[in-house]
Amino acid sequence: MRRPPSAVGSRTLGAFAPHLTSGLLALGMILAFASSAFAHAVTAGDQGYIQEISGVNIIPFIYLGAKHMVTGYDHILFLLGVIFFLYRMQHIAIYVTLFAIGHSTTMLLGVYFNIGINSYIIDAIIGLSVVYKALDNMGAYQRWFGFQPNTKAATLIFGLFHGFGLSTKILEYDIAPDGLVPNLLAFNVGVEIGQLLALGAILIVMGFWRKSATFFRHAYTANVAMMAAGFLLFGYQVAGYFVS
């Protein structure tokens, strides 16, 4: 027997409610940390400290590198998207290594050769990298274009852009040339430490979530929220570029 329209609507709304609630909560979290994410640039205290010192300072630069990665919501969101549907540690290691190779290469070369890229433009591209990965996780490219982009190549390429984002922030420190190479390497070590810390936290949370019956039910919603965050970051940076 055909259900009355009201019953169908109630059932549909009831089925959609968990996804809607999850999406609203996720977007609320995005807005809650938005001000911190947009303040992702070098803090005045850190910049002042670096400008006052010279020579080799391994520990401070390791700390700054780790701090930058752990507080860099754009990097963490992309990393979350990369490992979202990866279950085997060897697969996770491959993708994280590709990402690390990418951002380490352009970060070191960008600072050493003083390659300046407008911070708004590079951060807008980083925001789009989050959008790209969220759409990839939702299977959008197969539905829209009928093919799957090479995920390993995409991770490496976007890693290169993330590295230029890092080098742009480092150049804002106005680092003394004395001890530049050791300090850059120390900063990169700190970035990798921060990445491992962030990755560890993500894997712990994802491990518990994947054991829950709600994972596959809410995975699509989570990636929609991730995509919204990427567009939010992109839009903010584009607006900043035109008003700066």
# chains A, B, ... in the order shown; residues from 1 in each chain; ligands from 1
call {"tool": "residues_around", "arguments": {"residues": "Ile202 of chain A", "least_positions_apart": "3", "cutoff": "12 Å", "atoms": "only C-alpha atoms", "output": "list in words"}}
result
Val70, Ile76, Leu77, Phe78, Leu79, Leu80, Gly81, Val82, Ile83, Phe84, Leu86, Ile92, Gln195, Leu196, Leu197, Ala198, Leu199, Val205, Met206, Gly207, Phe208, Trp209 and Arg210 of chain A
call {"tool": "closest_residue", "arguments": {"among": "A:Leu166, A:Ala213, A:Met226, A:Ile204", "to": "Leu184 of chain A", "atoms": "only C-alpha atoms"}}
result
A:Leu166
call {"tool": "residues_around", "arguments": {"residues": "Ala66 of chain A", "least_positions_apart": "6", "cutoff": "7 Å", "atoms": "only C-alpha atoms", "output": "list in words"}}
result
Gly190, Val191, Ile193 and Gly194 of chain A
call {"tool": "atom_distance", "arguments": {"atom1": "atom CA of Thr71 of chain A", "atom2": "atom CA of Tyr120 of chain A"}}
result
17.8 Å
call {"tool": "residues_around", "arguments": {"residues": "Val130 of chain A", "least_positions_apart": "5", "cutoff": "12 Å", "atoms": "only C-alpha atoms", "output": "ChimeraX atom specification"}}
result
/A:73-82,123-125,135-137,154-155,158-159,161-162,223-234
call {"tool": "closest_residue", "arguments": {"among": "A:His68, A:Tyr241, A:Tyr220, A:Thr168", "to": "Gly139 of chain A", "atoms": "only C-alpha atoms"}}
result
A:Tyr220
call {"tool": "atom_distance", "arguments": {"atom1": "atom CA of Ile50 of chain A", "atom2": "atom CA of Tyr112 of chain A"}}
result
16.5 Å
